[in-house]
Amino acid sequence: MQSSTSLTGNERTFLPDEIIVTKTDLTGKLTYVNQVFLQLAGYSEEECLGQQHNMIRHPEMPRAVFKLLWDTLQSGEEIFAYVNNRSKNGDYYWVFAHVTPSRDISGNVVGYHSNRRVPNKQVIQEHIAPLYQKLFEIEKSSTSAKDGLDKSFQAVVDLLADSKMTFNQFMFSLGV
């Protein structure tokens with residue numbers, strides 16, 4: 001159900017004391033959305049529940065970041081990442097996301113929970129936007145989507161190896 005609306009170039013923002021909260025099942029389908037999410041995404045609750053969370057994926061977000069996110073979650077770990085999302089009308093909004101597996105009483109992963117906060121604009125401008133643009137360009141310029149994802153993901157792996165950090169450590173090293 002991802003919107004086919006053109007990008008507007010208009011940025012939406014939210015207040016520092018607001019938190020976007022969503023929950024999904026194991027396949028990424030939305031099972032809970034809060035009012036801050038609905039306000040920024042521009043969808044109604046009825047339009048969201050049961051839909052894939054990627055309905056708000058900005059088309060210029062590098063797929064390598066989402067591969068890393070899913071690989072991390074499926075290993076049972078949490079992840080922190082800057083993410084650019086797209087609203088229903090084509091606006092965009094940046095978030096600093098914390099995504100973690102949700103577990104039942106026996107410790108089994110039953111879904112995922114995400115809190116998103118207002119991001120540090122300076123970190124986005126100086127570090128994240130240039131990095132994500134580079135990854136996106138790698139993906140776009142490759143001969144196939146799979147090849148692009150593989151090359152872009154390898155660029156992230158190489159960056160982390162060079163910095164001797166995990167992805168979460170790298171995100172926090174930039175400043176939150």
# chains A, B, ... in the order shown; residues from 1 in each chain; ligands from 1

call {"tool": "residues_around", "arguments": {"residues": "segment 147-149 of chain A", "least_positions_apart": "5", "cutoff": "9 Å", "atoms": "only C-alpha atoms", "output": "list in words"}}
result
Pro62, Arg63, Ala64, Lys67, Leu135, Phe136, Glu137, Ile138, Glu139, Lys140, Ser141, Ser142 and Gln154 of chain A

call {"tool": "write_last_selection", "arguments": {"atoms": "N, CA and C atoms", "output": "compact mmCIF listing (two decimals), in the first residue's frame"}}
result
# COMPACT_ATOMS: atom_id res chain seq x y z
N PRO A 62 18.50 4.10 1.34
CA PRO A 62 19.23 2.94 0.83
C PRO A 62 18.70 1.63 1.43
N ARG A 63 18.51 0.66 0.55
CA ARG A 63 17.98 -0.63 0.98
C ARG A 63 18.95 -1.34 1.91
N ALA A 64 20.25 -1.03 1.81
CA ALA A 64 21.26 -1.67 2.66
C ALA A 64 20.98 -1.40 4.14
N LYS A 67 18.32 -3.84 5.14
CA LYS A 67 18.87 -5.19 5.24
C LYS A 67 19.58 -5.34 6.57
N LEU A 135 25.30 5.40 -0.56
CA LEU A 135 24.76 4.04 -0.61
C LEU A 135 23.65 3.94 -1.66
N PHE A 136 22.80 4.95 -1.70
CA PHE A 136 21.70 4.96 -2.68
C PHE A 136 22.25 5.00 -4.11
N GLU A 137 23.29 5.79 -4.33
CA GLU A 137 23.91 5.87 -5.66
C GLU A 137 24.52 4.53 -6.06
N ILE A 138 25.14 3.84 -5.11
CA ILE A 138 25.68 2.50 -5.39
C ILE A 138 24.55 1.58 -5.83
N GLU A 139 23.44 1.64 -5.12
CA GLU A 139 22.29 0.78 -5.45
C GLU A 139 21.72 1.12 -6.82
N LYS A 140 21.57 2.41 -7.10
CA LYS A 140 20.99 2.84 -8.38
C LYS A 140 21.87 2.52 -9.57
N SER A 141 23.18 2.61 -9.40
CA SER A 141 24.09 2.47 -10.53
C SER A 141 24.46 1.02 -10.84
N SER A 142 23.99 0.09 -10.05
CA SER A 142 24.33 -1.32 -10.25
C SER A 142 23.47 -1.93 -11.35
N GLN A 154 27.87 -4.10 1.38
CA GLN A 154 29.31 -4.30 1.59
C GLN A 154 29.99 -2.98 1.94

call {"tool": "residues_around", "arguments": {"residues": "Phe167 of chain A", "least_positions_apart": "3", "cutoff": "10 Å", "atoms": "only C-alpha atoms", "output": "CSV table (one decimal) with C-alpha atoms, in the first residue's frame"}}
result
chain,number,residue,atom,x,y,z
A,65,VAL,CA,20.1,0.1,5.9
A,68,LEU,CA,21.1,-4.4,8.2
A,69,LEU,CA,18.0,-3.6,10.3
A,72,THR,CA,20.0,-7.4,13.3
A,79,ILE,CA,19.2,-1.5,16.4
A,80,PHE,CA,19.4,2.3,16.3
A,81,ALA,CA,19.4,4.1,12.9
A,156,VAL,CA,28.4,-0.4,5.1
A,157,VAL,CA,30.3,-3.5,6.3
A,159,LEU,CA,32.8,1.4,6.8
A,160,LEU,CA,32.1,-0.4,10.1
A,161,ALA,CA,35.2,-2.5,9.8
A,163,SER,CA,35.8,2.4,12.1
A,164,LYS,CA,36.1,-0.8,14.3
A,170,PHE,CA,28.7,4.1,14.7
A,171,MET,CA,25.3,5.7,15.0
A,172,PHE,CA,26.0,6.9,18.5
A,173,SER,CA,29.5,8.0,17.6

call {"tool": "closest_residue", "arguments": {"among": "A:Ala41, A:Met61, A:Ile20, A:Met55", "to": "Pro130 of chain A", "atoms": "only C-alpha atoms"}}
result
A:Met61

call {"tool": "closest_residue", "arguments": {"among": "A:Ser87, A:Asn115, A:Gln133, A:Ser102", "to": "Asn34 of chain A", "atoms": "only C-alpha atoms"}}
result
A:Asn115

call {"tool": "select_by_dssp", "arguments": {"residues": "segment 110-163 of chain A", "states": "alpha helix (DSSP H)", "output": "ChimeraX atom specification"}}
result
/A:121-123,129-141,145-163

call {"tool": "write_last_selection", "arguments": {"atoms": "N, CA and C atoms", "output": "mmCIF file, in the first residue's frame"}}
result
data_model
loop_
_atom_site.group_PDB
_atom_site.id
_atom_site.type_symbol
_atom_site.label_atom_id
_atom_site.label_comp_id
_atom_site.auth_asym_id
_atom_site.auth_seq_id
_atom_site.Cartn_x
_atom_site.Cartn_y
_atom_site.Cartn_z
ATOM 1 N N LYS A 121 19.626 17.200 13.515
ATOM 2 C CA LYS A 121 19.696 17.704 12.128
ATOM 3 C C LYS A 121 21.138 17.877 11.659
ATOM 4 N N GLN A 122 22.016 18.300 12.556
ATOM 5 C CA GLN A 122 23.417 18.487 12.173
ATOM 6 C C GLN A 122 24.063 17.157 11.798
ATOM 7 N N VAL A 123 23.763 16.107 12.537
ATOM 8 C CA VAL A 123 24.289 14.783 12.219
ATOM 9 C C VAL A 123 23.759 14.324 10.861
ATOM 10 N N ALA A 129 23.053 12.037 5.680
ATOM 11 C CA ALA A 129 22.600 12.300 4.308
ATOM 12 C C ALA A 129 23.695 11.996 3.281
ATOM 13 N N PRO A 130 24.943 12.432 3.500
ATOM 14 C CA PRO A 130 25.986 12.077 2.523
ATOM 15 C C PRO A 130 26.240 10.564 2.443
ATOM 16 N N LEU A 131 26.244 9.884 3.582
ATOM 17 C CA LEU A 131 26.441 8.432 3.588
ATOM 18 C C LEU A 131 25.297 7.733 2.868
ATOM 19 N N TYR A 132 24.065 8.078 3.199
ATOM 20 C CA TYR A 132 22.913 7.429 2.584
ATOM 21 C C TYR A 132 22.843 7.737 1.090
ATOM 22 N N GLN A 133 23.228 8.947 0.700
ATOM 23 C CA GLN A 133 23.249 9.294 -0.722
ATOM 24 C C GLN A 133 24.260 8.417 -1.456
ATOM 25 N N LYS A 134 25.428 8.215 -0.855
ATOM 26 C CA LYS A 134 26.458 7.354 -1.455
ATOM 27 C C LYS A 134 25.931 5.929 -1.606
ATOM 28 N N LEU A 135 25.300 5.404 -0.559
ATOM 29 C CA LEU A 135 24.756 4.044 -0.608
ATOM 30 C C LEU A 135 23.650 3.941 -1.658
ATOM 31 N N PHE A 136 22.798 4.951 -1.705
ATOM 32 C CA PHE A 136 21.700 4.962 -2.680
ATOM 33 C C PHE A 136 22.253 5.000 -4.110
ATOM 34 N N GLU A 137 23.291 5.788 -4.327
ATOM 35 C CA GLU A 137 23.910 5.870 -5.662
ATOM 36 C C GLU A 137 24.517 4.525 -6.059
ATOM 37 N N ILE A 138 25.143 3.837 -5.115
ATOM 38 C CA ILE A 138 25.676 2.496 -5.386
ATOM 39 C C ILE A 138 24.546 1.578 -5.831
ATOM 40 N N GLU A 139 23.443 1.638 -5.123
ATOM 41 C CA GLU A 139 22.293 0.784 -5.445
ATOM 42 C C GLU A 139 21.720 1.119 -6.817
ATOM 43 N N LYS A 140 21.574 2.411 -7.101
ATOM 44 C CA LYS A 140 20.986 2.842 -8.379
ATOM 45 C C LYS A 140 21.875 2.521 -9.572
ATOM 46 N N SER A 141 23.185 2.608 -9.399
ATOM 47 C CA SER A 141 24.090 2.465 -10.530
ATOM 48 C C SER A 141 24.464 1.018 -10.835
ATOM 49 N N ALA A 145 19.055 -4.985 -9.008
ATOM 50 C CA ALA A 145 18.698 -4.612 -7.638
ATOM 51 C C ALA A 145 19.492 -5.430 -6.627
ATOM 52 N N LYS A 146 19.646 -6.720 -6.882
ATOM 53 C CA LYS A 146 20.398 -7.593 -5.967
ATOM 54 C C LYS A 146 21.859 -7.177 -5.905
ATOM 55 N N ASP A 147 22.458 -6.926 -7.061
ATOM 56 C CA ASP A 147 23.855 -6.495 -7.110
ATOM 57 C C ASP A 147 24.023 -5.166 -6.376
ATOM 58 N N GLY A 148 23.095 -4.245 -6.572
ATOM 59 C CA GLY A 148 23.149 -2.957 -5.900
ATOM 60 C C GLY A 148 23.063 -3.099 -4.398
ATOM 61 N N LEU A 149 22.138 -3.933 -3.944
ATOM 62 C CA LEU A 149 22.001 -4.164 -2.507
ATOM 63 C C LEU A 149 23.268 -4.792 -1.945
ATOM 64 N N ASP A 150 23.797 -5.781 -2.629
ATOM 65 C CA ASP A 150 25.016 -6.449 -2.158
ATOM 66 C C ASP A 150 26.178 -5.468 -2.058
ATOM 67 N N LYS A 151 26.369 -4.635 -3.077
ATOM 68 C CA LYS A 151 27.475 -3.672 -3.078
ATOM 69 C C LYS A 151 27.282 -2.595 -2.012
ATOM 70 N N SER A 152 26.061 -2.118 -1.868
ATOM 71 C CA SER A 152 25.758 -1.092 -0.875
ATOM 72 C C SER A 152 25.950 -1.645 0.538
ATOM 73 N N PHE A 153 25.464 -2.858 0.753
ATOM 74 C CA PHE A 153 25.619 -3.480 2.067
ATOM 75 C C PHE A 153 27.100 -3.680 2.377
ATOM 76 N N GLN A 154 27.874 -4.104 1.380
ATOM 77 C CA GLN A 154 29.314 -4.297 1.586
ATOM 78 C C GLN A 154 29.987 -2.976 1.936
ATOM 79 N N ALA A 155 29.520 -1.882 1.358
ATOM 80 C CA ALA A 155 30.069 -0.567 1.693
ATOM 81 C C ALA A 155 29.835 -0.246 3.169
ATOM 82 N N VAL A 156 28.679 -0.633 3.704
ATOM 83 C CA VAL A 156 28.393 -0.434 5.129
ATOM 84 C C VAL A 156 29.309 -1.325 5.970
ATOM 85 N N VAL A 157 29.432 -2.583 5.573
ATOM 86 C CA VAL A 157 30.302 -3.518 6.292
ATOM 87 C C VAL A 157 31.733 -2.980 6.321
ATOM 88 N N ASP A 158 32.217 -2.491 5.192
ATOM 89 C CA ASP A 158 33.577 -1.948 5.110
ATOM 90 C C ASP A 158 33.734 -0.706 5.990
ATOM 91 N N LEU A 159 32.740 0.170 5.976
ATOM 92 C CA LEU A 159 32.776 1.369 6.817
ATOM 93 C C LEU A 159 32.879 0.990 8.290
ATOM 94 N N LEU A 160 32.076 0.019 8.702
ATOM 95 C CA LEU A 160 32.093 -0.410 10.102
ATOM 96 C C LEU A 160 33.412 -1.080 10.453
ATOM 97 N N ALA A 161 33.956 -1.881 9.546
ATOM 98 C CA ALA A 161 35.247 -2.532 9.794
ATOM 99 C C ALA A 161 36.346 -1.481 9.928
ATOM 100 N N ASP A 162 36.331 -0.494 9.039
ATOM 101 C CA ASP A 162 37.337 0.570 9.087
ATOM 102 C C ASP A 162 37.243 1.369 10.384
ATOM 103 N N SER A 163 36.025 1.575 10.858
ATOM 104 C CA SER A 163 35.832 2.360 12.083
ATOM 105 C C SER A 163 35.937 1.504 13.341
#

call {"tool": "residues_around", "arguments": {"residues": "Asp25 of chain A", "least_positions_apart": "4", "cutoff": "8 Å", "atoms": "only C-alpha atoms", "output": "PyMOL selection string"}}
result
chain A and resi 29-31+110-112
